[in-house]
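Below: my_file-v2.txt (compact mmCIF, C-alpha atoms)
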# COMPACT_ATOMS: atom_id res chain seq x y z
CA MET S 400 11.44 -3.37 23.47
CA ASN S 401 13.11 -0.35 21.87
CA ARG S 402 12.93 -0.46 18.08
CA SER S 403 15.75 0.88 15.93
CA ALA S 404 15.25 4.07 13.92
CA SER S 405 15.42 2.03 10.70
CA THR S 406 12.67 -0.33 11.89
CA LYS S 407 10.44 2.61 12.82
CA LYS S 408 10.99 4.22 9.40
CA ILE S 409 10.25 0.96 7.55
CA THR S 410 7.12 0.49 9.65
CA GLY S 411 6.09 4.03 8.79
CA ILE S 412 6.52 3.32 5.07
CA MET S 413 4.33 0.22 5.29
CA LEU S 414 1.70 1.91 7.42
CA GLY S 415 1.61 4.97 5.15
CA TYR S 416 1.24 2.86 2.01
CA SER S 417 -1.57 0.83 3.60
CA ILE S 418 -3.42 4.02 4.54
CA ALA S 419 -2.97 5.33 0.98
CA LEU S 420 -4.68 2.16 -0.28
CA LEU S 421 -7.59 2.63 2.11
CA VAL S 422 -7.98 6.29 1.11
CA THR S 423 -8.00 5.25 -2.56
CA ALA S 424 -10.72 2.69 -1.75
CA LEU S 425 -12.86 5.46 -0.26
CA LEU S 426 -12.32 7.68 -3.30
CA ALA S 427 -12.90 4.89 -5.86
CA GLY S 428 -16.68 4.70 -5.41
CA ASN S 429 -19.64 4.41 -3.08
CA LEU S 430 -19.16 2.38 0.09
CA ASN S 431 -21.90 -0.19 -0.55
CA PRO S 432 -20.38 -1.49 -3.81
CA THR S 433 -16.94 -1.30 -2.20
CA PHE S 434 -17.90 -3.56 0.72
CA ALA S 435 -19.88 -5.85 -1.57
CA GLY S 436 -16.82 -6.08 -3.81
CA LEU S 437 -14.61 -6.98 -0.85
CA TRP S 438 -16.98 -9.79 0.13
CA LYS S 439 -16.98 -11.09 -3.46
CA ILE S 440 -13.17 -11.15 -3.41
CA ILE S 441 -13.06 -13.01 -0.10
CA SER S 442 -15.70 -15.57 -1.09
CA SER S 443 -14.31 -16.48 -4.54
CA PRO S 444 -11.46 -18.66 -5.85
CA ALA S 445 -8.17 -16.76 -6.15
CA GLN S 446 -6.24 -18.34 -9.00
CA LEU S 447 -3.37 -16.37 -10.55
CA THR S 448 -4.45 -13.33 -12.63
CA MET S 449 -7.95 -13.33 -11.13
CA ASP S 450 -8.66 -9.66 -11.78
CA TYR S 451 -10.08 -8.25 -8.55
CA PHE S 452 -11.08 -5.01 -10.30
CA LYS S 453 -13.58 -7.04 -12.32
CA LEU S 454 -14.43 -9.58 -9.64
CA GLY S 455 -14.96 -7.20 -6.76
CA THR S 456 -14.90 -3.57 -8.02
CA PRO S 457 -11.86 -1.26 -7.86
CA GLY S 458 -12.96 0.11 -4.49
CA GLY S 459 -13.25 -3.38 -3.01
CA THR S 460 -9.83 -4.24 -4.43
CA PHE S 461 -8.09 -1.26 -2.86
CA LEU S 462 -9.91 -1.94 0.42
CA ASN S 463 -8.69 -5.54 0.35
CA ALA S 464 -5.12 -4.42 -0.38
CA GLY S 465 -5.21 -1.85 2.43
CA LEU S 466 -6.47 -4.40 4.95
CA VAL S 467 -3.84 -6.91 3.85
CA GLY S 468 -1.20 -4.19 4.24
CA LEU S 469 -2.35 -3.39 7.79
CA SER S 470 -2.29 -7.12 8.55
CA CYS S 471 1.34 -7.30 7.42
CA VAL S 472 2.23 -4.31 9.59
CA LEU S 473 0.56 -6.03 12.55
CA VAL S 474 2.44 -9.29 11.96
CA PHE S 475 5.80 -7.57 11.57
CA TRP S 476 5.37 -5.23 14.53
CA THR S 477 4.13 -7.86 17.01
CA SER S 478 6.96 -10.23 16.03
CA LYS S 479 9.46 -7.71 17.49
CA PHE S 480 11.68 -8.26 14.47
CA GLU S 481 14.20 -5.64 13.36
CA LEU S 482 12.89 -4.88 9.89
CA ASN S 483 15.08 -4.82 6.77
CA GLY S 484 14.99 -4.72 2.97
CA ALA S 485 13.56 -8.24 2.77
CA THR S 486 10.69 -7.07 4.98
CA LEU S 487 9.80 -4.33 2.51
CA MET S 488 10.05 -6.88 -0.29
CA ALA S 489 7.61 -9.20 1.50
CA PHE S 490 5.26 -6.30 2.21
CA PHE S 491 5.10 -4.92 -1.33
CA LEU S 492 4.75 -8.38 -2.87
CA THR S 493 1.84 -9.15 -0.58
CA ILE S 494 0.20 -5.81 -1.34
CA GLY S 495 0.69 -6.30 -5.08
CA PHE S 496 -0.95 -9.70 -5.06
CA SER S 497 -3.88 -8.31 -3.12
CA PHE S 498 -4.99 -7.02 -6.53
CA PHE S 499 -5.14 -10.52 -8.05
CA GLY S 500 -4.85 -13.53 -5.77
CA MET S 501 -4.51 -12.70 -2.07
CA ASN S 502 -7.19 -11.45 0.26
CA ILE S 503 -7.71 -10.65 3.90
CA MET S 504 -9.07 -14.17 4.50
CA ASN S 505 -6.76 -16.54 2.64
CA ILE S 506 -3.39 -15.23 3.92
CA TRP S 507 -3.83 -16.27 7.55
CA PRO S 508 -3.55 -20.10 7.30
CA CYS S 509 -0.19 -19.69 5.52
CA ILE S 510 1.15 -17.32 8.19
CA PHE S 511 -0.18 -19.72 10.84
CA GLY S 512 1.75 -22.57 9.20
CA THR S 513 5.07 -20.75 9.52
CA TRP S 514 4.22 -19.78 13.12
CA LEU S 515 3.53 -23.48 13.78
CA PHE S 516 6.92 -24.35 12.30
CA THR S 517 8.63 -22.00 14.78
CA LYS S 518 6.81 -23.65 17.68
CA VAL S 519 7.71 -27.17 16.57
CA THR S 520 11.37 -26.29 15.98
CA LYS S 521 11.57 -23.97 19.02
CA VAL S 522 12.91 -20.96 17.11
CA SER S 523 11.60 -17.42 17.45
CA PHE S 524 8.82 -16.34 15.13
CA ALA S 525 10.76 -13.10 14.61
CA SER S 526 13.47 -15.07 12.80
CA GLN S 527 10.88 -16.41 10.33
CA VAL S 528 8.42 -13.54 10.04
CA ASN S 529 9.59 -12.55 6.54
CA VAL S 530 9.15 -16.17 5.44
CA ALA S 531 5.68 -16.22 7.01
CA VAL S 532 4.59 -13.29 4.85
CA PHE S 533 6.28 -14.76 1.76
CA SER S 534 4.34 -18.00 2.34
CA THR S 535 1.12 -16.17 1.41
CA ALA S 536 2.19 -16.75 -2.20
CA LEU S 537 0.35 -20.06 -1.77
CA SER S 538 -2.83 -18.53 -0.35
CA PRO S 539 -4.90 -19.35 -3.50
CA PHE S 540 -4.90 -22.97 -2.31
CA VAL S 541 -6.86 -21.82 0.74
CA SER S 542 -9.50 -20.05 -1.36
CA GLU S 543 -9.64 -22.92 -3.83
CA ALA S 544 -10.34 -25.49 -1.11
CA ILE S 545 -13.00 -23.36 0.59
CA CYS S 546 -14.76 -21.81 -2.41
CA ARG S 547 -14.61 -24.31 -5.28
CA TYR S 548 -12.90 -27.67 -4.58
CA PRO S 549 -15.41 -30.39 -5.58
CA VAL S 550 -14.25 -33.43 -3.56
CA PHE S 551 -16.60 -32.84 -0.61
CA ASP S 552 -19.64 -31.75 -2.65
CA GLY S 553 -22.72 -33.75 -1.63
CA MET S 554 -21.28 -34.85 1.72
CA ALA S 555 -22.75 -33.93 5.09
CA GLY S 556 -20.88 -30.95 6.52
CA ALA S 557 -19.22 -30.24 3.17
CA MET S 558 -18.58 -26.58 3.99
CA ALA S 559 -16.87 -27.40 7.30
CA LEU S 560 -14.69 -29.99 5.55
CA LYS S 561 -13.72 -27.45 2.89
CA VAL S 562 -12.76 -24.86 5.50
CA LEU S 563 -10.66 -27.43 7.37
CA LEU S 564 -8.95 -28.47 4.13
CA GLY S 565 -8.22 -24.83 3.26
CA ILE S 566 -6.68 -24.17 6.66
CA ALA S 567 -4.68 -27.40 6.44
CA LEU S 568 -3.31 -26.63 2.97
CA GLY S 569 -2.30 -23.11 3.96
CA ALA S 570 -0.67 -24.37 7.16
CA ILE S 571 1.24 -27.08 5.27
CA ALA S 572 2.47 -24.47 2.79
CA GLY S 573 3.62 -22.09 5.54
CA PHE S 574 5.26 -24.91 7.50
CA LEU S 575 7.21 -26.18 4.48
CA MET S 576 8.28 -22.65 3.56
CA GLY S 577 9.90 -22.34 6.99
CA ILE S 578 11.99 -25.44 6.31
CA LEU S 579 12.83 -25.09 2.63
CA CYS S 580 13.60 -21.37 2.39
CA GLN S 581 16.79 -22.02 4.34
CA HIS S 582 18.15 -24.04 1.41
CA SER S 583 16.88 -22.00 -1.53
CA PRO S 584 19.97 -19.73 -1.90
CA ASN S 585 22.07 -22.81 -2.62
CA LEU S 586 20.03 -23.41 -5.77
CA HIS S 587 20.39 -20.05 -7.50
CA LYS S 588 23.50 -18.67 -5.71
CA GLY S 589 21.85 -15.30 -5.08
CA TYR S 590 21.25 -14.41 -8.74
CA THR S 591 17.51 -14.00 -8.23
CA LEU S 592 16.10 -11.64 -5.63
CA TYR S 593 12.99 -13.76 -5.02
CA ASN S 594 14.60 -16.38 -2.82
CA ALA S 595 11.25 -17.59 -1.46
CA ALA S 596 9.68 -17.88 -4.91
CA ALA S 597 11.69 -20.93 -5.95
CA VAL S 598 10.55 -22.74 -2.82
CA ALA S 599 6.94 -21.59 -3.15
CA GLY S 600 6.85 -22.86 -6.73
CA PHE S 601 7.91 -26.36 -5.79
CA ILE S 602 5.45 -26.48 -2.89
CA GLY S 603 2.76 -25.27 -5.29
CA VAL S 604 3.53 -28.13 -7.68
CA LEU S 605 3.24 -30.59 -4.78
CA LEU S 606 -0.10 -29.28 -3.49
CA PHE S 607 -1.58 -28.90 -6.97
CA SER S 608 -0.62 -32.45 -7.84
CA PHE S 609 -2.26 -33.65 -4.63
CA MET S 610 -5.49 -31.71 -5.21
CA TYR S 611 -6.04 -32.18 -8.94
CA ARG S 612 -3.50 -34.34 -10.74
CA GLY S 613 -3.66 -37.06 -8.09
CA THR S 614 -7.45 -37.10 -7.68
CA GLY S 615 -8.34 -36.87 -11.35
CA HIS S 616 -10.57 -33.83 -10.96
CA GLU S 617 -10.85 -31.29 -13.75
CA ILE S 618 -8.20 -28.60 -13.52
CA PRO S 619 -9.80 -25.13 -13.26
CA THR S 620 -8.60 -22.33 -15.51
CA ASN S 621 -8.91 -18.57 -15.30
CA THR S 622 -8.91 -16.31 -18.34
CA ASP S 623 -11.40 -13.75 -17.05
CA ILE S 624 -9.53 -10.46 -17.37
CA GLY S 625 -11.37 -7.22 -16.76
CA GLU S 626 -11.31 -3.83 -18.40
CA SER S 627 -8.65 -1.17 -17.99
CA TYR S 628 -8.96 1.51 -15.31
CA ALA S 629 -6.21 3.69 -16.73
CA LEU S 630 -6.98 6.87 -14.81
CA LEU S 631 -7.36 5.21 -11.40
CA GLY S 632 -4.34 2.92 -11.86
CA ASN S 633 -2.04 5.64 -13.12
CA LEU S 634 -3.09 8.17 -10.51
CA PHE S 635 -2.45 5.73 -7.68
CA ALA S 636 0.92 4.58 -9.06
CA VAL S 637 2.20 8.06 -9.91
CA ILE S 638 1.02 9.81 -6.74
CA THR S 639 2.39 7.13 -4.38
CA SER S 640 5.69 7.04 -6.31
CA LEU S 641 6.05 10.82 -6.14
CA LEU S 642 5.24 10.76 -2.41
CA ALA S 643 7.96 8.13 -1.95
CA VAL S 644 10.51 10.36 -3.71
CA VAL S 645 9.51 13.39 -1.61
CA CYS S 646 9.54 11.48 1.70
CA GLY S 647 12.87 9.86 0.83
CA PHE S 648 14.29 13.27 -0.12
CA LEU S 649 13.30 14.66 3.30
CA MET S 650 14.67 11.60 5.16
CA ASN S 651 17.94 11.94 3.25
CA GLY S 652 18.63 15.40 4.64
CA LYS S 653 16.59 17.18 1.97
CA SER S 654 18.91 15.98 -0.78
CA PHE S 655 19.51 13.24 -3.33
CA ARG S 656 23.07 12.85 -2.06
CA GLY S 657 24.34 9.27 -2.39
CA MET S 658 21.79 8.16 -4.99
CA ASP S 659 24.57 7.71 -7.54
CA GLU S 660 25.95 4.85 -5.44
CA VAL S 661 22.53 3.20 -5.26
CA LEU S 662 22.13 3.43 -9.04
CA LYS S 663 25.59 1.92 -9.61
CA SER S 664 24.83 -1.20 -7.57
CA THR S 665 24.92 -4.58 -9.31
CA GLY S 666 21.95 -5.72 -7.21
CA TYR S 667 23.75 -8.84 -5.99
CA LYS S 668 23.09 -9.64 -2.31
CA CYS S 669 22.07 -6.06 -1.50
CA ASP S 670 20.02 -4.45 1.22
CA PHE S 671 19.76 -0.75 0.50
CA THR S 672 18.01 -0.09 3.82
CA LYS S 673 21.14 -1.22 5.67
CA ASN S 674 23.86 -0.09 3.28
CA ASP S 675 22.45 3.22 2.06
CA GLY S 676 19.71 4.16 4.50
CA VAL S 677 15.92 4.19 4.40
CA GLY S 678 15.78 7.65 2.79
CA LYS S 679 17.72 6.67 -0.33
CA THR S 680 15.82 3.37 -0.44
CA LEU S 681 12.54 5.27 -0.51
CA ILE S 682 13.79 7.57 -3.28
CA ASN S 683 14.77 4.49 -5.28
CA ILE S 684 11.32 2.97 -4.71
CA GLY S 685 9.65 6.13 -6.00
CA LEU S 686 11.88 6.51 -9.06
CA PHE S 687 11.43 2.84 -9.90
CA GLY S 688 7.66 3.15 -9.52
CA LEU S 689 7.55 6.05 -11.99
CA PHE S 690 9.84 4.13 -14.35
CA VAL S 691 7.76 0.94 -14.48
CA THR S 692 4.48 2.87 -14.65
CA GLY S 693 5.86 4.73 -17.65
CA TYR S 694 6.97 1.44 -19.22
CA TYR S 695 3.57 -0.21 -18.89
CA ASN S 696 1.91 2.88 -20.39
CA LEU S 697 4.46 3.03 -23.20
CA ILE S 698 3.78 -0.56 -24.31
CA GLY S 699 0.03 -0.02 -23.98
CA ALA S 700 -0.66 -2.49 -21.15
CA ALA S 701 -4.25 -2.34 -19.86
CA MET S 702 -4.46 -1.01 -16.28
CA THR S 703 -6.31 -4.03 -14.92
CA GLY S 704 -6.06 -5.26 -11.34
CA PRO S 705 -3.09 -7.55 -12.16
CA THR S 706 -1.25 -4.72 -13.96
CA VAL S 707 -1.62 -2.31 -11.03
CA GLY S 708 -0.62 -5.16 -8.73
CA CYS S 709 2.47 -5.77 -10.87
CA ILE S 710 3.58 -2.17 -10.46
CA VAL S 711 3.37 -2.59 -6.68
CA CYS S 712 5.13 -5.98 -6.84
CA LEU S 713 7.97 -4.44 -8.82
CA LEU S 714 8.55 -2.00 -5.97
CA ALA S 715 9.29 -5.06 -3.83
CA ILE S 716 12.68 -5.71 -5.40
CA THR S 717 13.97 -2.15 -5.07
CA PRO S 718 15.06 -2.38 -1.39
CA CYS S 719 17.09 -5.49 -2.21
CA GLY S 720 19.08 -4.39 -5.25
CA ALA S 721 16.89 -3.33 -8.17
CA HIS S 722 17.05 0.07 -9.80
CA ILE S 723 16.36 1.58 -13.22
CA PHE S 724 19.72 0.70 -14.78
CA ASN S 725 19.93 -3.00 -13.90
CA MET S 726 16.21 -3.51 -14.66
CA PHE S 727 16.27 -1.98 -18.14
CA PRO S 728 18.15 -4.92 -19.76
CA ILE S 729 15.54 -7.35 -18.43
CA MET S 730 12.78 -5.23 -19.98
CA LEU S 731 14.69 -5.06 -23.26
CA GLY S 732 14.97 -8.87 -23.22
CA TYR S 733 11.19 -9.13 -22.91
CA LEU S 734 10.69 -6.71 -25.79
CA LEU S 735 13.07 -8.67 -28.01
CA ALA S 736 11.44 -11.98 -27.08
CA SER S 737 8.02 -10.61 -27.98
CA THR S 738 9.35 -9.24 -31.28
CA PHE S 739 10.69 -12.61 -32.43
CA GLY S 740 8.43 -14.90 -30.38
CA GLY S 741 4.82 -15.96 -30.67
CA PHE S 742 3.32 -13.63 -28.07
CA THR S 743 2.59 -9.94 -27.62
CA ILE S 744 4.19 -7.84 -24.90
CA THR S 745 0.79 -6.56 -23.68
CA THR S 746 -0.69 -10.02 -23.00
CA GLN S 747 -1.71 -10.10 -19.33
CA ALA S 748 0.43 -13.15 -18.54
CA ILE S 749 3.49 -11.46 -20.09
CA VAL S 750 2.78 -8.20 -18.26
CA VAL S 751 2.72 -10.17 -15.00
CA GLY S 752 5.75 -12.21 -16.05
CA LEU S 753 7.93 -9.14 -16.58
CA CYS S 754 7.12 -8.01 -13.06
CA PHE S 755 8.95 -11.04 -11.67
CA ALA S 756 11.68 -11.19 -14.28
CA GLY S 757 12.97 -8.15 -12.42
CA ALA S 758 14.27 -10.55 -9.80
CA LEU S 759 17.06 -11.37 -12.25
CA VAL S 760 18.70 -7.93 -11.97
CA PRO S 761 21.79 -9.43 -10.26
CA ILE S 762 22.54 -11.20 -13.55
CA SER S 763 22.46 -7.97 -15.56
CA GLY S 764 24.38 -6.22 -12.78
CA CYS S 765 27.14 -8.80 -12.36
CA PHE S 766 27.45 -10.13 -15.91
CA GLY S 767 26.60 -7.13 -18.04
CA THR S 768 23.68 -5.68 -19.95
CA VAL S 769 23.81 -8.36 -22.66
CA SER S 770 23.48 -11.11 -20.05
CA GLY S 771 20.50 -9.28 -18.57
CA ILE S 772 18.85 -9.15 -21.99
CA LEU S 773 19.43 -12.89 -22.36
CA ALA S 774 17.95 -13.55 -18.91
CA GLY S 775 14.86 -11.51 -19.80
CA MET S 776 14.39 -13.41 -23.05
CA VAL S 777 14.71 -16.81 -21.37
CA HIS S 778 12.27 -15.80 -18.64
CA ALA S 779 9.73 -14.50 -21.17
CA CYS S 780 9.82 -17.76 -23.10
CA MET S 781 9.31 -19.95 -20.02
CA VAL S 782 6.93 -18.00 -17.78
CA THR S 783 3.66 -19.08 -19.44
CA THR S 784 4.79 -22.72 -19.45
CA ILE S 785 5.86 -22.94 -15.82
CA VAL S 786 2.39 -21.92 -14.64
CA THR S 787 0.95 -25.24 -15.85
CA PHE S 788 2.99 -27.11 -13.24
CA HIS S 789 1.12 -25.56 -10.31
CA GLY S 790 -2.15 -24.63 -12.02
CA GLY S 791 -1.83 -20.94 -11.24
CA PHE S 792 -2.17 -21.52 -7.50
CA CYS S 793 1.33 -20.27 -6.72
CA LEU S 794 1.22 -16.52 -7.07
CA TYR S 795 5.01 -16.36 -7.36
CA ASN S 796 4.92 -18.05 -10.78
CA GLY S 797 7.15 -15.39 -12.32
CA GLY S 798 9.52 -15.57 -9.36
CA PHE S 799 9.57 -19.37 -9.64
CA THR S 800 10.46 -18.95 -13.32
CA ALA S 801 13.18 -16.47 -12.35
CA GLY S 802 14.62 -19.05 -9.98
CA ILE S 803 14.73 -21.67 -12.72
CA THR S 804 16.26 -19.13 -15.13
CA ALA S 805 18.98 -18.30 -12.60
CA ILE S 806 19.64 -22.00 -11.93
CA LEU S 807 20.16 -22.50 -15.68
CA LEU S 808 22.13 -19.35 -16.53
CA ALA S 809 24.24 -18.58 -13.45
CA PRO S 810 26.53 -21.66 -13.63
CA VAL S 811 27.12 -21.07 -17.35
CA LEU S 812 27.89 -17.38 -16.87
CA GLU S 813 30.17 -18.06 -13.89
CA TYR S 814 32.01 -20.73 -15.88
CA PHE S 815 33.01 -18.34 -18.67
CA PHE S 816 32.91 -14.91 -17.01
CA THR S 817 33.99 -13.13 -13.84
CA PRO S 818 31.18 -11.45 -11.86
CA SER S 819 31.71 -7.70 -11.76
CA GLN S 820 31.26 -5.20 -8.97
CA LYS S 821 30.20 -2.53 -11.48
CA LEU S 822 27.63 -2.23 -14.26
CA TYR S 823 29.03 -3.11 -17.69
CA LEU S 824 27.64 -3.69 -21.18
CA LEU S 825 29.48 -7.00 -21.70
CA PRO S 826 30.54 -9.64 -19.16
CA LYS S 827 34.23 -9.91 -18.27
CA LEU S 828 35.87 -13.04 -19.66
CA LYS S 829 37.81 -15.13 -17.16
CA LYS S 830 41.55 -14.94 -17.72

Starting from the coordinates I provided, produce the structure as structure tokens.
Amino acid sequence: MNRSASTKKITGIMLGYSIALLVTALLAGNLNPTFAGLWKIISSPAQLTMDYFKLGTPGGTFLNAGLVGLSCVLVFWTSKFELNGATLMAFFLTIGFSFFGMNIMNIWPCIFGTWLFTKVTKVSFASQVNVAVFSTALSPFVSEAICRYPVFDGMAGAMALKVLLGIALGAIAGFLMGILCQHSPNLHKGYTLYNAAAVAGFIGVLLFSFMYRGTGHEIPTNTDIGESYALLGNLFAVITSLLAVVCGFLMNGKSFRGMDEVLKSTGYKCDFTKNDGVGKTLINIGLFGLFVTGYYNLIGAAMTGPTVGCIVCLLAITPCGAHIFNMFPIMLGYLLASTFGGFTITTQAIVVGLCFAGALVPISGCFGTVSGILAGMVHACMVTTIVTFHGGFCLYNGGFTAGITAILLAPVLEYFFTPSQKLYLLPKLKK
């Protein structure tokens, strides 16, 4: 099958980023601690904000992320799917969470579940491959069942039962994602970029209730956050972002021509790879990466595994509508919420939360900067509460919160205001 030029370029971006992760793993330390760290990551529970830098060494973390990236490339390429902006979103989200929740072992049952859905419903796997990769948001359930779940302790063949339960939970999650993601846009009307996150959140609530709430077992918590690796984190983020700008510049005919149109976009139902080309998309990814890295340094966020992962996750929304100007109001909303609220902006949960509040850029794009600030404030106030519903086993907690925020705000905004096709400070009142 002949692949389109766009698909080949997107595949090149994913492959290049995965190789950069592997190179960083080699440079981060000696190989023995790196491989030992990878094994520790694979063989441990993977609840949200589990800092892989502390759990498995920085080298092991980058090795895990690189292997997960290559796995995504393999899944996308063998599916024979024509890749798009949503593919890049799925890829960068998966890479980002490979720093604090996903690993090369726990992603496969979820992908298998979506593949199983395509076989049962007799649709092509290519049509669901993005959903399959998004379903890995629920991969912590796999690790939880295999590495810590206490129900089978003391039974004969306990380990085999735990492995079977882990595979079953991942497969159920992937299967349900294939069904429910088709209906998710009807909930939020396109005002959050993380369409799959709303679905993943509800599935996470279901599985968590089944595993812990329903059985009466003690609910595990994770507050073990590691130290900051400022030099390593910043070097990786800045160098890869600059490389993205340079590569995009070359792909775009050795120019930044057309970037003004990208930066004027509202972010509503966008795919920059299709509308503006892969070159400009890559420039936007690089500029956005530098922007968010600068933001996290400016507020003094520790460069832990989750923080570095957040920077990568934020790149995920850039192919589908996010850029510096529609993201800034969301950030400002977080800053205002922290100023008047009972939390600090550098708390790890808030640092992670902001990463996914970026999904709300269509609100700031369509309804003005003030609406974006409001959306950021609402998201900041809810994000640490929503996590209790799924126990931290849905990695898309911030995206789930963004979905709920959009469900609450979008109807109100649409009732009083007219969505705009341009960026404005204030929303336009309906006549």

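Interatomic distance, atom CA of S:Leu825 to atom CA of S:Thr768: 6.2 Å.
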
(message) Here is a test: counting all atoms listed in the file, which residue of S:Glu481, S:Glu813, S:Glu617, S:Asp450 is nearest to S:Arg402?
(response)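 Smallest distance to S:Arg402 is found for S:Glu481.
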
(message) Quick one: residues within 6 Å of S:Gly666, only C-alpha atoms, excluding same-chain residues fewer than 2 positions away - as a PyMOL selection string?
(response) chain S and resi 664+669+720-721+761

(request) Find, counting only C-alpha atoms, the residue in S:His789, S:Lys829, S:Lys408, S:Lys518 that gets nearest to S:Ala599. (result)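 Closest to S:Ala599, using only C-alpha atoms: S:His789.
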
(message) Residues near stretch 746-759 of chain S, anyone? I mean within 7 Å using only C-alpha atoms, not counting same-chain ones fewer than 4 positions away, as a PyMOL selection string.
(response) chain S and resi 590-593+705-706+709+712-713+716+726+729+775+778-779+782-783+797-798+801

Determine, for each residue of stretch 672-717 of chain S having at least one atom at most 12 Å from an atom of stretch 461-478 of chain S, the closest pair of atoms and their separation in Å to one decimal, counting only C-alpha atoms; order by chain and ascending number, as JSON lines.
{"residue": "S:Gly704", "atom": "CA", "partner": "S:Phe461", "partner_atom": "CA", "distance": 9.6}
{"residue": "S:Val707", "atom": "CA", "partner": "S:Phe461", "partner_atom": "CA", "distance": 10.5}
{"residue": "S:Gly708", "atom": "CA", "partner": "S:Ala464", "partner_atom": "CA", "distance": 9.5}
{"residue": "S:Val711", "atom": "CA", "partner": "S:Ala464", "partner_atom": "CA", "distance": 10.7}

(message) When you look at S:Asn725 with a cut-off of 7 Å (counting only C-alpha atoms), what residues show up, excluding the ones that are within fewer than 3 positions of it in the same chain? I need them as a ChimeraX atom specification.
(response) /S:665,721-722,728,760,763-764

(request) Give me the residues within 12 Å of stretch 547-553 of chain S as number ranges by chain, counting all atoms listed in the file and dropping any in the same chain fewer than 2 places off. (result) S: 442-446, 539-545, 555-565, 607, 610-611, 614-619

(message) Please report the interatomic distance between atom CA of S:Ile785 and atom CA of S:Ala715 in Å with one decimal.
(response)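 Going from atom CA of S:Ile785 over to atom CA of S:Ala715, I get 21.8 Å.
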